[in-house]
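Notes to accompany the following structure.
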Amino acid sequence: MASLGNTLRRWRMRRLLRRNPIPHHIWHSVTRKLVVLHNLDAVQMAHLRELTVWFLHNKSINGVQGLEVTLAMRITVAAQACLLILNLDIDYFDNWVEVILYPGAFKVNHGQTDAIGLVHHDATVLSGEAWLRGPVIFSWPDVERDSYHHQPGHNVVLHEFAHKLDGVDGAMNGLPPLRSGMSRQRWAADLSDAYALLQHDLASARPTCINPYAATNPAEFFAVLSEYFFTAPDILKTACPGAYRQLALFYQ
């Protein structure tokens, strides 16, 4: 049954590629500028193109506040999102359908309940946000900055879609569904050790190689480390060798 399911999925993918091709000149024009893709070989780029076609067919990418979204912009987002699942499975992007692009940083209001039960609404300005069962939201200028210029340890597209991988099982907690053969205990131990070390260094006012935002919570830790894995792997390997080893097993 598993073999039949895989055959059917491959047939559906081939049909999708035939019916919804990305024009060659646009694909090459966009992907040449995406710095995070520069180390991929021809086979990997071909697979990434297939996944990008699937993504553009199954997920809508819409602009708001007057932002007109071009095919090149859609490919910019989709190709980098699919880099995360290049060696995983499209099921990691289940349970949501939309990407929203703003023409600049956007405000969100989050309610927080204090000790006596009063709810406070705080407005926060963001460059990206991923809802557990809802859309992924970006500031397009921030996507452009991280996509077309080398930003070691920082890529807002990778960060927010890493949250989507993390949340596919219903909780954003820094523990995505692991691939077959990986140990949940080893993952938890290696990432917890690295997380605790980062928090200790920050509490001691020691300089860190990793963005301090990673110490916010385990979900942000996983998302930030995913950014480093693809944009600055040497830094991550030196600063958090155990966590790097687990991400290498996961993303392969």
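Following the order of the structure tokens, first chain is A, next is B, and so on, with residues numbered from 1 inside each chain and ligands from 1 in the order they appear.
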
If we count only C-alpha atoms, what is near range 216-231 of chain A at a cut-off of 9 Å, once residues fewer than 4 positions away on the same chain are taken out, given as an MDAnalysis selection string?
chainID A and resid 35:37 83:84 150:163 166 172:175 191:192 195 199 210:212 235:237 243:244 247:248

Using only N, CA and C atoms, please write the residues we just selected to a file, as an mmCIF file, in the first residue's frame.
data_model
loop_
_atom_site.group_PDB
_atom_site.id
_atom_site.type_symbol
_atom_site.label_atom_id
_atom_site.label_comp_id
_atom_site.auth_asym_id
_atom_site.auth_seq_id
_atom_site.Cartn_x
_atom_site.Cartn_y
_atom_site.Cartn_z
ATOM 1 N N VAL A 35 20.577 33.925 -2.430
ATOM 2 C CA VAL A 35 21.902 33.513 -1.965
ATOM 3 C C VAL A 35 21.876 32.189 -1.215
ATOM 4 N N VAL A 36 20.771 31.879 -0.557
ATOM 5 C CA VAL A 36 20.714 30.651 0.244
ATOM 6 C C VAL A 36 20.682 29.400 -0.640
ATOM 7 N N LEU A 37 20.458 29.567 -1.944
ATOM 8 C CA LEU A 37 20.404 28.435 -2.859
ATOM 9 C C LEU A 37 21.713 28.200 -3.594
ATOM 10 N N LEU A 83 13.074 24.937 0.352
ATOM 11 C CA LEU A 83 14.425 24.491 0.720
ATOM 12 C C LEU A 83 14.381 23.700 2.022
ATOM 13 N N LEU A 84 13.498 24.096 2.946
ATOM 14 C CA LEU A 84 13.399 23.404 4.228
ATOM 15 C C LEU A 84 12.916 21.962 4.072
ATOM 16 N N HIS A 150 23.459 38.461 1.475
ATOM 17 C CA HIS A 150 23.886 37.475 2.465
ATOM 18 C C HIS A 150 23.756 38.042 3.875
ATOM 19 N N GLN A 151 22.941 37.391 4.682
ATOM 20 C CA GLN A 151 22.709 37.786 6.069
ATOM 21 C C GLN A 151 23.028 36.578 6.945
ATOM 22 N N PRO A 152 24.275 36.391 7.352
ATOM 23 C CA PRO A 152 24.625 35.192 8.136
ATOM 24 C C PRO A 152 23.743 35.038 9.375
ATOM 25 N N GLY A 153 23.061 33.910 9.441
ATOM 26 C CA GLY A 153 22.220 33.641 10.601
ATOM 27 C C GLY A 153 20.861 34.298 10.559
ATOM 28 N N HIS A 154 20.516 34.913 9.433
ATOM 29 C CA HIS A 154 19.222 35.608 9.401
ATOM 30 C C HIS A 154 18.556 35.459 8.041
ATOM 31 N N ASN A 155 17.365 34.880 8.044
ATOM 32 C CA ASN A 155 16.531 34.784 6.847
ATOM 33 C C ASN A 155 15.098 34.616 7.327
ATOM 34 N N VAL A 156 14.305 35.678 7.160
ATOM 35 C CA VAL A 156 12.964 35.687 7.741
ATOM 36 C C VAL A 156 12.070 34.610 7.123
ATOM 37 N N VAL A 157 12.280 34.300 5.839
ATOM 38 C CA VAL A 157 11.465 33.261 5.202
ATOM 39 C C VAL A 157 11.750 31.900 5.836
ATOM 40 N N LEU A 158 13.028 31.555 5.971
ATOM 41 C CA LEU A 158 13.372 30.283 6.603
ATOM 42 C C LEU A 158 12.858 30.224 8.038
ATOM 43 N N HIS A 159 12.965 31.339 8.740
ATOM 44 C CA HIS A 159 12.549 31.377 10.146
ATOM 45 C C HIS A 159 11.066 31.050 10.290
ATOM 46 N N GLU A 160 10.227 31.746 9.544
ATOM 47 C CA GLU A 160 8.786 31.551 9.721
ATOM 48 C C GLU A 160 8.316 30.199 9.208
ATOM 49 N N PHE A 161 8.907 29.711 8.131
ATOM 50 C CA PHE A 161 8.495 28.394 7.656
ATOM 51 C C PHE A 161 9.058 27.271 8.530
ATOM 52 N N ALA A 162 10.153 27.528 9.223
ATOM 53 C CA ALA A 162 10.615 26.554 10.219
ATOM 54 C C ALA A 162 9.570 26.406 11.321
ATOM 55 N N HIS A 163 8.911 27.508 11.680
ATOM 56 C CA HIS A 163 7.815 27.416 12.647
ATOM 57 C C HIS A 163 6.708 26.504 12.118
ATOM 58 N N ASP A 166 7.689 22.999 12.638
ATOM 59 C CA ASP A 166 7.593 22.721 14.069
ATOM 60 C C ASP A 166 6.142 22.479 14.484
ATOM 61 N N MET A 172 3.859 24.350 18.467
ATOM 62 C CA MET A 172 5.163 24.931 18.169
ATOM 63 C C MET A 172 5.977 24.916 19.461
ATOM 64 N N ASN A 173 6.835 23.904 19.578
ATOM 65 C CA ASN A 173 7.567 23.702 20.833
ATOM 66 C C ASN A 173 9.036 23.353 20.634
ATOM 67 N N GLY A 174 9.513 23.533 19.397
ATOM 68 C CA GLY A 174 10.909 23.209 19.129
ATOM 69 C C GLY A 174 11.170 21.752 18.830
ATOM 70 N N LEU A 175 10.102 20.954 18.712
ATOM 71 C CA LEU A 175 10.245 19.533 18.409
ATOM 72 C C LEU A 175 9.327 19.170 17.246
ATOM 73 N N LEU A 191 19.413 19.751 21.822
ATOM 74 C CA LEU A 191 18.890 21.112 21.685
ATOM 75 C C LEU A 191 18.687 21.764 23.050
ATOM 76 N N SER A 192 18.301 20.984 24.056
ATOM 77 C CA SER A 192 18.131 21.551 25.399
ATOM 78 C C SER A 192 19.462 22.025 25.968
ATOM 79 N N TYR A 195 20.366 25.225 24.190
ATOM 80 C CA TYR A 195 19.449 26.283 24.626
ATOM 81 C C TYR A 195 19.844 26.797 26.013
ATOM 82 N N GLN A 199 21.170 30.595 27.080
ATOM 83 C CA GLN A 199 20.548 31.383 28.145
ATOM 84 C C GLN A 199 21.560 31.739 29.235
ATOM 85 N N ILE A 210 25.242 33.234 18.473
ATOM 86 C CA ILE A 210 23.873 33.002 18.022
ATOM 87 C C ILE A 210 22.992 34.190 18.411
ATOM 88 N N ASN A 211 22.095 34.560 17.529
ATOM 89 C CA ASN A 211 21.157 35.641 17.780
ATOM 90 C C ASN A 211 20.457 35.442 19.136
ATOM 91 N N PRO A 212 20.544 36.417 20.054
ATOM 92 C CA PRO A 212 19.923 36.259 21.380
ATOM 93 C C PRO A 212 18.428 35.974 21.329
ATOM 94 N N ILE A 235 29.066 28.711 11.679
ATOM 95 C CA ILE A 235 28.844 29.356 12.975
ATOM 96 C C ILE A 235 28.047 28.435 13.883
ATOM 97 N N LEU A 236 26.989 27.847 13.342
ATOM 98 C CA LEU A 236 26.150 26.957 14.151
ATOM 99 C C LEU A 236 26.931 25.731 14.606
ATOM 100 N N LYS A 237 27.729 25.160 13.711
ATOM 101 C CA LYS A 237 28.478 23.950 14.047
ATOM 102 C C LYS A 237 29.485 24.215 15.161
ATOM 103 N N ALA A 243 23.407 20.497 18.550
ATOM 104 C CA ALA A 243 22.208 20.953 17.851
ATOM 105 C C ALA A 243 22.421 20.914 16.349
ATOM 106 N N TYR A 244 23.619 21.299 15.910
ATOM 107 C CA TYR A 244 23.926 21.229 14.474
ATOM 108 C C TYR A 244 23.789 19.792 13.972
ATOM 109 N N LEU A 247 20.106 18.929 13.524
ATOM 110 C CA LEU A 247 19.501 19.587 12.363
ATOM 111 C C LEU A 247 20.016 18.988 11.058
ATOM 112 N N ALA A 248 21.285 18.558 11.060
ATOM 113 C CA ALA A 248 21.816 17.902 9.857
ATOM 114 C C ALA A 248 21.093 16.592 9.586
#

Would you list, as a compact mmCIF listing (two decimals) with C-alpha atoms, in the first residue's frame, the residues of range 30-237 of chain A that end up in alpha helix (DSSP H) under DSSP run on this structure's backbone?
# COMPACT_ATOMS: atom_id res chain seq x y z
CA VAL A 30 14.93 34.60 -9.51
CA THR A 31 16.88 31.65 -8.13
CA ALA A 42 21.74 20.68 -10.42
CA VAL A 43 19.81 17.68 -9.10
CA GLN A 44 18.83 19.52 -5.93
CA MET A 45 17.76 22.58 -7.93
CA ALA A 46 15.58 20.42 -10.17
CA HIS A 47 13.87 18.89 -7.14
CA LEU A 48 13.48 22.31 -5.57
CA ARG A 49 11.78 23.52 -8.73
CA GLU A 50 9.29 20.65 -8.52
CA LEU A 51 8.51 21.47 -4.90
CA THR A 52 8.15 25.16 -5.74
CA VAL A 53 5.60 24.34 -8.45
CA TRP A 54 3.70 22.23 -5.91
CA PHE A 55 3.85 25.06 -3.36
CA LEU A 56 2.59 27.70 -5.79
CA HIS A 57 -0.25 25.41 -6.81
CA ASN A 58 -1.35 24.57 -3.26
CA LEU A 71 5.37 35.70 -10.05
CA ALA A 72 9.00 36.51 -9.22
CA MET A 73 7.97 37.49 -5.69
CA ARG A 74 5.99 34.28 -5.29
CA ILE A 75 8.94 32.18 -6.44
CA THR A 76 11.24 34.07 -4.03
CA VAL A 77 9.07 33.03 -1.10
CA ALA A 78 8.12 29.55 -2.30
CA ALA A 79 11.60 28.39 -3.31
CA GLN A 80 13.11 29.32 0.05
CA ALA A 81 10.21 27.75 1.92
CA CYS A 82 10.69 24.53 -0.04
CA LEU A 83 14.42 24.49 0.72
CA TRP A 140 8.13 42.09 1.67
CA PRO A 141 11.09 44.52 2.14
CA ASP A 142 12.46 42.18 4.83
CA VAL A 143 12.03 39.19 2.53
CA GLU A 144 13.93 41.08 -0.19
CA ARG A 145 16.74 42.03 2.17
CA ASP A 146 17.32 38.51 3.46
CA SER A 147 16.77 36.81 0.11
CA TYR A 148 19.06 38.86 -2.12
CA VAL A 156 12.96 35.69 7.74
CA VAL A 157 11.47 33.26 5.20
CA LEU A 158 13.37 30.28 6.60
CA HIS A 159 12.55 31.38 10.15
CA GLU A 160 8.79 31.55 9.72
CA PHE A 161 8.50 28.39 7.66
CA ALA A 162 10.61 26.55 10.22
CA HIS A 163 7.81 27.42 12.65
CA LYS A 164 5.42 25.71 10.24
CA LEU A 165 7.52 22.54 10.29
CA ASP A 166 7.59 22.72 14.07
CA GLY A 167 3.82 23.17 14.32
CA ARG A 184 13.45 12.20 20.16
CA GLN A 185 15.52 11.79 23.33
CA ARG A 186 18.78 12.66 21.55
CA TRP A 187 17.14 15.63 19.81
CA ALA A 188 15.73 16.93 23.09
CA ALA A 189 19.03 16.47 24.92
CA ASP A 190 21.21 18.16 22.28
CA LEU A 191 18.89 21.11 21.68
CA SER A 192 18.13 21.55 25.40
CA ASP A 193 21.84 21.66 26.22
CA ALA A 194 22.48 24.27 23.54
CA TYR A 195 19.45 26.28 24.63
CA ALA A 196 20.53 26.25 28.27
CA LEU A 197 24.07 27.29 27.32
CA LEU A 198 22.78 30.24 25.29
CA GLN A 199 20.55 31.38 28.14
CA HIS A 200 23.46 31.05 30.59
CA ASP A 201 25.77 33.09 28.36
CA LEU A 202 23.17 35.82 27.97
CA ALA A 203 22.49 35.91 31.72
CA PRO A 218 12.29 26.49 22.39
CA ALA A 219 10.16 27.25 19.31
CA GLU A 220 12.18 30.38 18.51
CA PHE A 221 15.37 28.48 19.25
CA PHE A 222 14.54 25.89 16.59
CA ALA A 223 13.54 28.56 14.07
CA VAL A 224 16.67 30.66 14.63
CA LEU A 225 18.95 27.62 14.49
CA SER A 226 17.28 26.64 11.21
CA GLU A 227 18.24 30.06 9.84
CA TYR A 228 21.85 29.46 10.86
CA PHE A 229 21.85 25.92 9.48
CA PHE A 230 21.15 27.20 5.97
CA THR A 231 22.82 30.62 6.02
CA PRO A 233 26.32 26.51 9.10
CA ASP A 234 29.92 26.96 10.24
CA ILE A 235 28.84 29.36 12.98
CA LEU A 236 26.15 26.96 14.15
CA LYS A 237 28.48 23.95 14.05

Which residues are close to Gly170 in chain A, i.e. within 12 Å by only C-alpha atoms, leaving aside same-chain residues fewer than 5 positions away? Reply as a list in words.
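Those residues are Tyr92, Asp94, Asn95, Trp96, Trp131, Leu132, Arg133, Gly134, His163, Lys164, Leu165, Leu175, Pro176 and Pro177 of chain A.
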
Mind checking DSSP for range 91-186 of chain A and telling me the strand (DSSP E or B) residues as a PyMOL selection string?
chain A and resi 98-102+106-113+119-126+128-130+136-139

Quick one: residues within 6 Å of Val136 in chain A, only C-alpha atoms, excluding same-chain residues fewer than 3 positions away - as a ChimeraX atom specification?
/A:99,129-130

Long-range neighbours of Gly66 in chain A as a list in words, 10 Å cut-off, only C-alpha atoms, 3 positions minimum in chain
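So, after excluding close chain neighbours, the residues are Gly63, Val69, Tyr102 and Pro103 of chain A.
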